[in-house]
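Here's run.tsv, which has TSV, C-alpha atoms and all ligand atoms:
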```tsv
chain	number	residue	atom	x	y	z
N	193	LYS	CA	-19.49	-7.44	17.56
N	194	ALA	CA	-19.06	-7.43	13.76
N	195	ASP	CA	-22.74	-6.60	13.37
N	196	ALA	CA	-23.07	-4.23	16.31
N	197	ILE	CA	-25.21	-1.29	15.24
N	198	GLN	CA	-23.38	1.81	14.18
N	199	ARG	CA	-24.91	4.90	15.74
N	200	VAL	CA	-25.38	7.83	13.37
N	201	ASP	CA	-26.50	11.05	15.02
N	202	SER	CA	-25.84	14.78	14.96
N	203	HIS	CA	-22.33	14.26	16.35
N	204	THR	CA	-21.26	11.66	13.77
N	205	VAL	CA	-17.95	12.51	12.12
N	206	LEU	CA	-17.61	11.91	8.37
N	207	PHE	CA	-14.92	9.96	6.52
N	208	GLY	CA	-14.60	8.42	3.07
N	209	VAL	CA	-12.55	7.16	0.17
N	210	ILE	CA	-12.38	8.77	-3.28
N	211	GLY	CA	-11.41	7.14	-6.55
N	212	ASP	CA	-12.50	6.38	-10.09
N	213	PRO	CA	-13.57	3.55	-10.16
N	214	ILE	CA	-14.47	3.08	-6.46
N	215	ARG	CA	-17.44	0.68	-6.09
N	216	HIS	CA	-15.11	-2.33	-5.65
N	217	SER	CA	-13.45	-0.76	-2.60
N	218	LYS	CA	-13.35	-2.72	0.67
N	219	SER	CA	-12.28	0.38	2.63
N	220	PRO	CA	-15.82	1.34	3.79
N	221	ILE	CA	-16.59	-2.03	5.37
N	222	MET	CA	-13.10	-2.18	6.91
N	223	MET	CA	-13.21	1.33	8.38
N	224	ASN	CA	-16.79	1.15	9.64
N	225	ARG	CA	-15.86	-2.09	11.42
N	226	ALA	CA	-12.95	-0.21	13.01
N	227	PHE	CA	-15.30	2.56	14.19
N	228	ARG	CA	-17.78	0.06	15.67
N	229	GLU	CA	-14.98	-1.89	17.32
N	230	THR	CA	-13.49	1.18	19.02
N	231	GLY	CA	-16.74	3.08	19.67
N	232	VAL	CA	-15.68	6.02	17.48
N	233	ASN	CA	-18.80	7.92	16.35
N	234	GLY	CA	-17.83	8.03	12.68
N	235	VAL	CA	-19.16	6.88	9.35
N	236	TYR	CA	-17.09	6.09	6.26
N	237	THR	CA	-18.45	5.94	2.71
N	238	ALA	CA	-17.15	5.71	-0.88
N	239	PHE	CA	-17.33	8.71	-3.22
N	240	HIS	CA	-17.04	8.21	-6.97
N	241	ILE	CA	-15.05	11.31	-7.89
N	242	THR	CA	-13.90	11.87	-11.48
N	243	ALA	CA	-10.77	13.94	-12.20
N	244	ASP	CA	-12.76	17.04	-13.21
N	245	LYS	CA	-14.52	17.07	-9.80
N	246	LEU	CA	-11.47	16.64	-7.58
N	247	GLY	CA	-11.10	20.33	-6.65
N	248	ASP	CA	-14.83	20.62	-5.93
N	249	PHE	CA	-14.64	17.53	-3.74
N	250	ILE	CA	-11.85	19.01	-1.62
N	251	ALA	CA	-13.82	22.26	-1.30
N	252	GLY	CA	-16.67	20.05	-0.07
N	253	VAL	CA	-14.39	18.40	2.49
N	254	ARG	CA	-13.61	21.85	3.87
N	255	ALA	CA	-17.24	23.02	3.77
N	256	MET	CA	-18.66	19.91	5.43
N	257	GLY	CA	-15.79	19.30	7.81
N	258	ILE	CA	-15.16	15.77	6.59
N	259	ARG	CA	-12.47	14.60	9.04
N	260	GLY	CA	-10.62	12.06	6.96
N	261	VAL	CA	-10.31	10.95	3.35
N	262	ASN	CA	-8.50	8.08	1.71
N	263	VAL	CA	-7.41	8.70	-1.85
N	264	THR	CA	-6.99	6.02	-4.48
N	265	ILE	CA	-6.43	5.71	-8.22
N	266	PRO	CA	-6.28	8.04	-10.16
N	267	HIS	CA	-6.04	10.93	-7.67
N	268	LYS	CA	-3.02	10.20	-5.44
N	269	GLN	CA	-0.80	12.73	-7.20
N	270	ASP	CA	-3.34	15.30	-8.41
N	271	VAL	CA	-4.97	15.77	-5.02
N	272	MET	CA	-1.75	17.21	-3.56
N	273	GLN	CA	-2.24	20.64	-5.15
N	274	TYR	CA	-5.47	21.19	-3.15
N	275	LEU	CA	-4.02	20.46	0.31
N	276	ASP	CA	-2.49	22.88	2.82
N	277	HIS	CA	0.40	20.66	3.95
N	278	ILE	CA	2.11	17.55	2.62
N	279	ASP	CA	3.82	15.33	5.16
N	280	GLU	CA	7.54	14.80	4.49
N	281	SER	CA	7.28	11.15	3.43
N	282	ALA	CA	4.24	11.79	1.19
N	283	ALA	CA	6.24	14.59	-0.47
N	284	ALA	CA	9.20	12.26	-0.99
N	285	ILE	CA	6.96	9.54	-2.43
N	286	GLY	CA	5.05	12.10	-4.51
N	287	ALA	CA	1.64	10.67	-3.65
N	288	VAL	CA	-1.03	11.07	-0.96
N	289	ASN	CA	-3.42	8.32	0.08
N	290	THR	CA	-4.67	9.81	3.37
N	291	ILE	CA	-5.93	13.31	4.19
N	292	VAL	CA	-6.41	14.57	7.74
N	293	ASN	CA	-8.66	17.61	8.21
N	294	ASN	CA	-7.70	19.51	11.37
N	295	ASP	CA	-10.24	22.34	11.77
N	296	GLY	CA	-10.05	23.19	8.07
N	297	VAL	CA	-6.31	22.62	7.65
N	298	LEU	CA	-5.81	19.68	5.28
N	299	THR	CA	-2.63	17.59	5.50
N	300	GLY	CA	-1.73	14.81	3.07
N	301	TYR	CA	0.03	11.63	4.20
N	302	ASN	CA	1.06	8.40	2.52
N	303	THR	CA	0.36	5.23	4.52
N	304	ASP	CA	0.84	2.71	1.67
N	305	GLY	CA	4.58	2.20	2.11
N	306	ILE	CA	4.57	2.17	5.92
N	307	GLY	CA	1.46	-0.03	5.81
N	308	TYR	CA	3.31	-2.52	3.65
N	309	VAL	CA	6.36	-2.52	5.91
N	310	ARG	CA	4.27	-2.97	9.07
N	311	SER	CA	2.54	-5.93	7.44
N	312	LEU	CA	5.86	-7.48	6.36
N	313	LYS	CA	7.31	-7.11	9.86
N	314	GLU	CA	4.26	-8.38	11.72
N	315	GLU	CA	3.39	-11.23	9.36
N	316	ALA	CA	6.67	-12.44	7.85
N	317	GLU	CA	9.99	-10.90	8.92
N	318	PRO	CA	10.30	-8.76	12.06
N	319	GLN	CA	13.96	-7.98	11.40
N	320	LEU	CA	14.64	-6.01	8.19
N	321	ALA	CA	17.92	-4.45	9.32
N	322	GLY	CA	20.86	-5.94	7.42
N	323	LYS	CA	18.68	-7.80	4.93
N	324	HIS	CA	19.17	-7.94	1.16
N	325	ILE	CA	15.89	-6.95	-0.46
N	326	VAL	CA	14.82	-7.16	-4.12
N	327	VAL	CA	11.82	-5.11	-5.24
N	328	LEU	CA	10.22	-6.17	-8.53
N	329	GLY	CA	8.71	-3.18	-10.36
N	330	ALA	CA	9.42	0.54	-10.34
N	331	GLY	CA	5.98	2.18	-10.47
N	332	GLY	CA	3.99	4.15	-7.90
N	333	ALA	CA	3.55	1.22	-5.52
N	334	ALA	CA	7.28	0.43	-5.59
N	335	ARG	CA	8.15	4.06	-4.80
N	336	GLY	CA	6.19	4.11	-1.52
N	337	ILE	CA	7.46	0.69	-0.48
N	338	VAL	CA	11.13	1.38	-1.28
N	339	TYR	CA	10.93	4.70	0.58
N	340	ALA	CA	9.47	3.01	3.68
N	341	LEU	CA	12.00	0.15	3.46
N	342	THR	CA	14.96	2.56	3.47
N	343	LYS	CA	13.89	3.61	7.00
N	344	GLU	CA	14.42	0.02	8.23
N	345	ALA	CA	18.18	-0.03	7.52
N	346	PRO	CA	18.34	-3.05	5.21
N	347	ALA	CA	21.81	-3.89	3.83
N	348	THR	CA	20.76	-3.33	0.21
N	349	ILE	CA	17.65	-2.71	-1.85
N	350	ILE	CA	17.77	-3.67	-5.53
N	351	ILE	CA	14.91	-2.52	-7.74
N	352	ALA	CA	14.47	-4.75	-10.80
N	353	ASN	CA	12.17	-3.61	-13.57
N	354	ARG	CA	11.19	-4.52	-17.13
N	355	THR	CA	12.01	-0.95	-18.14
N	356	GLU	CA	15.50	-0.61	-16.65
N	357	GLN	CA	15.57	3.19	-16.86
N	358	ARG	CA	12.61	3.51	-14.46
N	359	ALA	CA	14.39	1.29	-11.90
N	360	VAL	CA	17.59	3.32	-12.19
N	361	GLU	CA	15.69	6.61	-11.79
N	362	LEU	CA	13.66	5.38	-8.82
N	363	ALA	CA	16.82	4.13	-7.10
N	364	ALA	CA	18.62	7.42	-7.75
N	365	SER	CA	15.75	9.40	-6.19
N	366	MET	CA	16.18	7.61	-2.81
N	367	ASN	CA	18.83	9.59	-0.98
N	368	GLY	CA	19.20	7.93	2.42
N	369	GLU	CA	21.76	5.75	4.16
N	370	THR	CA	20.59	2.60	2.40
N	371	SER	CA	22.22	1.44	-0.82
N	372	VAL	CA	19.45	1.40	-3.47
N	373	THR	CA	20.31	0.16	-6.98
N	374	GLY	CA	18.18	-0.15	-10.10
N	375	VAL	CA	18.62	-2.97	-12.63
N	376	GLY	CA	16.84	-4.38	-15.66
N	377	ASN	CA	15.07	-7.74	-15.65
N	378	ASP	CA	18.09	-9.25	-17.48
N	379	GLN	CA	19.74	-9.32	-14.02
N	380	LEU	CA	16.73	-10.74	-12.22
N	381	GLN	CA	18.01	-14.29	-11.77
N	382	GLN	CA	21.34	-13.07	-10.39
N	383	VAL	CA	19.84	-10.61	-7.88
N	384	CYS	CA	17.09	-12.99	-6.72
N	385	ALA	CA	19.68	-15.65	-5.88
N	386	LYS	CA	21.21	-13.35	-3.25
N	387	ALA	CA	18.00	-11.87	-1.82
N	388	ASP	CA	16.63	-12.52	1.66
N	389	ILE	CA	13.32	-10.88	0.71
N	390	ILE	CA	11.78	-10.57	-2.79
N	391	ILE	CA	8.78	-8.25	-3.14
N	392	ASN	CA	6.49	-8.18	-6.17
N	393	THR	CA	5.00	-4.71	-6.71
N	394	THR	CA	4.07	-5.29	-10.37
N	395	SER	CA	0.59	-6.28	-11.46
N	396	THR	CA	1.95	-9.59	-12.79
N	397	GLY	CA	-0.28	-12.39	-11.46
N	398	MET	CA	-3.20	-10.17	-10.50
N	399	PHE	CA	-6.72	-11.38	-11.35
N	400	PRO	CA	-7.56	-12.23	-14.12
N	401	ASN	CA	-3.93	-12.97	-15.18
N	402	VAL	CA	-3.49	-15.53	-12.40
N	403	ASP	CA	-1.14	-17.79	-14.43
N	404	GLU	CA	1.61	-15.14	-14.65
N	405	SER	CA	4.58	-14.76	-12.33
N	406	PRO	CA	7.30	-12.08	-12.33
N	407	VAL	CA	10.12	-14.58	-11.60
N	408	ASP	CA	11.09	-18.21	-11.97
N	409	ALA	CA	10.81	-19.64	-8.43
N	410	SER	CA	13.93	-21.79	-8.96
N	411	TRP	CA	15.93	-18.53	-8.78
N	412	LEU	CA	14.84	-17.90	-5.17
N	413	ARG	CA	16.86	-18.96	-2.14
N	414	HIS	CA	15.44	-21.66	0.12
N	415	GLY	CA	14.19	-19.87	3.26
N	416	ALA	CA	13.94	-16.44	1.60
N	417	VAL	CA	10.74	-14.44	2.07
N	418	ALA	CA	8.60	-14.07	-1.07
N	419	SER	CA	6.16	-11.20	-0.69
N	420	ASP	CA	3.43	-10.00	-3.05
N	421	ILE	CA	1.36	-6.83	-2.71
N	422	ILE	CA	-1.44	-8.41	-4.79
N	423	TYR	CA	-4.34	-9.75	-2.69
N	424	ASN	CA	-6.61	-10.88	-5.51
N	425	PRO	CA	-5.83	-13.76	-5.65
N	426	MET	CA	-4.68	-14.12	-2.04
N	427	LYS	CA	-1.98	-16.60	-3.13
N	428	THR	CA	-0.54	-15.55	-6.49
N	429	LYS	CA	1.37	-17.92	-8.76
N	430	PHE	CA	4.56	-16.18	-7.55
N	431	LEU	CA	3.73	-17.09	-3.93
N	432	ALA	CA	2.54	-20.62	-4.72
N	433	ASP	CA	5.72	-21.37	-6.71
N	434	ALA	CA	7.91	-19.76	-4.06
N	435	GLU	CA	6.29	-21.82	-1.31
N	436	ARG	CA	7.03	-25.04	-3.23
N	437	ALA	CA	10.62	-23.82	-3.65
N	438	GLY	CA	10.98	-23.59	0.15
N	439	CYS	CA	10.39	-19.87	0.64
N	440	ARG	CA	8.33	-18.28	3.39
N	441	ILE	CA	5.45	-16.43	1.75
N	442	HIS	CA	3.67	-13.14	2.56
N	443	GLY	CA	0.51	-12.01	0.75
N	444	GLY	CA	-0.80	-8.54	-0.04
N	445	LEU	CA	-3.86	-8.32	2.19
N	446	GLY	CA	-1.86	-7.05	5.16
N	447	MET	CA	-0.69	-4.00	3.21
N	448	PHE	CA	-4.30	-3.02	2.59
N	449	ILE	CA	-5.23	-3.59	6.24
N	450	TYR	CA	-2.28	-1.62	7.64
N	451	GLN	CA	-2.48	1.32	5.22
N	452	GLY	CA	-6.00	1.65	6.62
N	453	ALA	CA	-4.83	1.08	10.19
N	454	TYR	CA	-2.36	3.96	9.93
N	455	ALA	CA	-5.06	6.23	8.42
N	456	PHE	CA	-7.39	5.31	11.31
N	457	GLU	CA	-4.62	6.13	13.79
N	458	TYR	CA	-3.88	9.51	12.17
N	459	TRP	CA	-7.57	10.45	12.26
N	460	THR	CA	-8.53	9.21	15.70
N	461	GLY	CA	-5.27	9.15	17.68
N	462	GLN	CA	-6.05	5.65	18.88
N	463	PRO	CA	-4.66	2.23	17.94
N	464	ALA	CA	-6.49	0.60	15.05
N	465	PRO	CA	-8.25	-2.74	15.71
N	466	ALA	CA	-6.27	-4.41	12.92
N	467	ALA	CA	-7.42	-7.98	13.66
N	468	ALA	CA	-11.09	-7.01	13.47
N	469	MET	CA	-10.47	-5.02	10.28
N	470	ARG	CA	-8.79	-8.03	8.69
N	471	GLU	CA	-11.62	-10.35	9.73
N	472	THR	CA	-14.21	-8.11	8.08
N	473	VAL	CA	-12.25	-7.75	4.84
N	474	LEU	CA	-11.63	-11.52	4.69
N	475	GLU	CA	-15.37	-12.14	5.08
N	476	ALA	CA	-16.11	-9.71	2.26
N	477	LEU	CA	-13.56	-11.33	-0.05
N	478	ARG	CA	-14.89	-14.83	0.58
L	501	LIG	P1	1.61	0.87	-9.68
L	501	LIG	O1	1.16	2.20	-9.18
L	501	LIG	O2	0.66	-0.25	-9.37
L	501	LIG	O3	3.00	0.56	-9.26
L	501	LIG	P2	2.56	1.55	-12.34
L	501	LIG	O4	3.12	2.84	-11.84
L	501	LIG	O5	1.83	1.54	-13.63
L	501	LIG	O6	1.54	0.95	-11.29
L	501	LIG	O7	3.75	0.48	-12.37
L	501	LIG	C1	3.54	-0.84	-12.81
L	501	LIG	C2	4.83	-1.63	-12.62
L	501	LIG	O8	4.63	-2.98	-12.99
L	501	LIG	C3	5.96	-1.15	-13.51
L	501	LIG	O9	7.18	-1.39	-12.84
L	501	LIG	C4	5.82	-2.06	-14.73
L	501	LIG	O10	7.00	-2.21	-15.50
L	501	LIG	P3	7.40	-1.09	-16.60
L	501	LIG	O11	7.98	0.07	-15.85
L	501	LIG	O12	8.41	-1.79	-17.44
L	501	LIG	O13	6.14	-0.75	-17.34
L	501	LIG	C5	5.47	-3.36	-14.06
L	501	LIG	N1	4.74	-4.29	-14.93
L	501	LIG	C6	3.44	-4.23	-15.27
L	501	LIG	N2	3.11	-5.27	-16.05
L	501	LIG	C7	4.24	-6.01	-16.20
L	501	LIG	C8	4.56	-7.22	-16.91
L	501	LIG	N3	3.64	-7.89	-17.59
L	501	LIG	N4	5.82	-7.69	-16.82
L	501	LIG	C9	6.76	-7.03	-16.12
L	501	LIG	N5	6.53	-5.88	-15.46
L	501	LIG	C10	5.28	-5.38	-15.48
```
What do you get writing this file as structure tokens?
Amino acid sequence: KADAIQRVDSHTVLFGVIGDPIRHSKSPIMMNRAFRETGVNGVYTAFHITADKLGDFIAGVRAMGIRGVNVTIPHKQDVMQYLDHIDESAAAIGAVNTIVNNDGVLTGYNTDGIGYVRSLKEEAEPQLAGKHIVVLGAGGAARGIVYALTKEAPATIIIANRTEQRAVELAASMNGETSVTGVGNDQLQQVCAKADIIINTTSTGMFPNVDESPVDASWLRHGAVASDIIYNPMKTKFLADAERAGCRIHGGLGMFIYQGAYAFEYWTGQPAPAAAMRETVLEALR
């Protein structure tokens, strides 16, 4: 079924991803597999859009009736000004990665954080309520993930960051029921020792810096979940060390799959074929 022929005709609905750079993106192969798998008459391509062309691109989406767009670096914030509506969670996160075009009305969503949480629950830890969670890093990725995690009623979320001030500010911006605290990396050992789940959202350990890790694995509790949003490499040094230290490990590929799965669901109203999407991306990464 992976190589079933995709029909393109005068009814085919258009989708795509924009970014700069974009040619490395695995979204087109993942989403076209999802369309083939479900029989949706759609086609999804990659558009290399530079910052100066972003407004023109969105005008083009309206003119051509492109149904859905994924947005990646560096446009997740800047694209918001061109849309008609921003979903509540995308507004709280301050970034859009998915646009839905409903008869010319463009709404921006953010599926990165909820995609991460769905992956964590399905692949590593179904029960997040009551858990003590440490998030390493306080950048854009951390913001979406922390926001989505607060909806799961964990006991505490502690954000630890090299630049303490960013962690403190990010924590202060989350105004829900959950206790969210920001600390500097000087407290990393102490907070990791108490954590049920430790999530790396920094770029530490990403290709080509594969010998770096954001923590010393001896600080982690035996049986804790170590989770990384990096998927190149699939098993970072952080995860490899954590596994040897007796942790359960969770890699970053699922976040990519499920951010796409949610986008597919918003666009088509049907469940995404997540297993098939994962299979295709795994083949492409091999
Ligand atoms: P993203 O959107 O991927 O989150 P970002 O907003 O640039 O990117 O945030 C990168 C995060 O990784 C930050 O928390 C950054 O720490 P600082 O706020 O101190 O800059 C963290 N980070 C990046 N490289 C790091 C390193 N070598 N060691 C520790 N933290 C690092």
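Across N:Phe430, N:Phe239, N:Trp459, N:Phe227, the tightest approach to N:Ile210 is made by N:Phe239 when counting only C-alpha atoms.
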Hey, what's within 10 Å of N:Asp378 if we count only C-alpha atoms and toss same-chain stuff fewer than 2 positions away? As a list in words, please?
->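 Close residues of N:Asp378: Ala352, Asn353, Arg354, Glu356, Val375, Gly376, Leu380, Gln381, Gln382 and Val383 of chain N.
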Could you report the residues within 6 Å of ligand LIG 501 (chain L), using all atoms listed in the file, as a ChimeraX atom specification?
-> /N:329-334,353-355,358,394-396
By how many Å are atom CA of N:Leu206 and atom CA of N:Thr237 apart?
->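 Atom CA of N:Thr237 lies 8.3 Å from atom CA of N:Leu206.
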Around the point (18.6, -4.7, 8.2) in the file's coordinates, collect all residues with an atom within 6 Å, using only C-alpha atoms, and return them as a list in words.
->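 Counting only C-alpha atoms, I find these residues within 6 Å of (18.6, -4.7, 8.2): Leu320, Ala321, Gly322, Lys323, Ala345, Pro346 and Ala347 of chain N.
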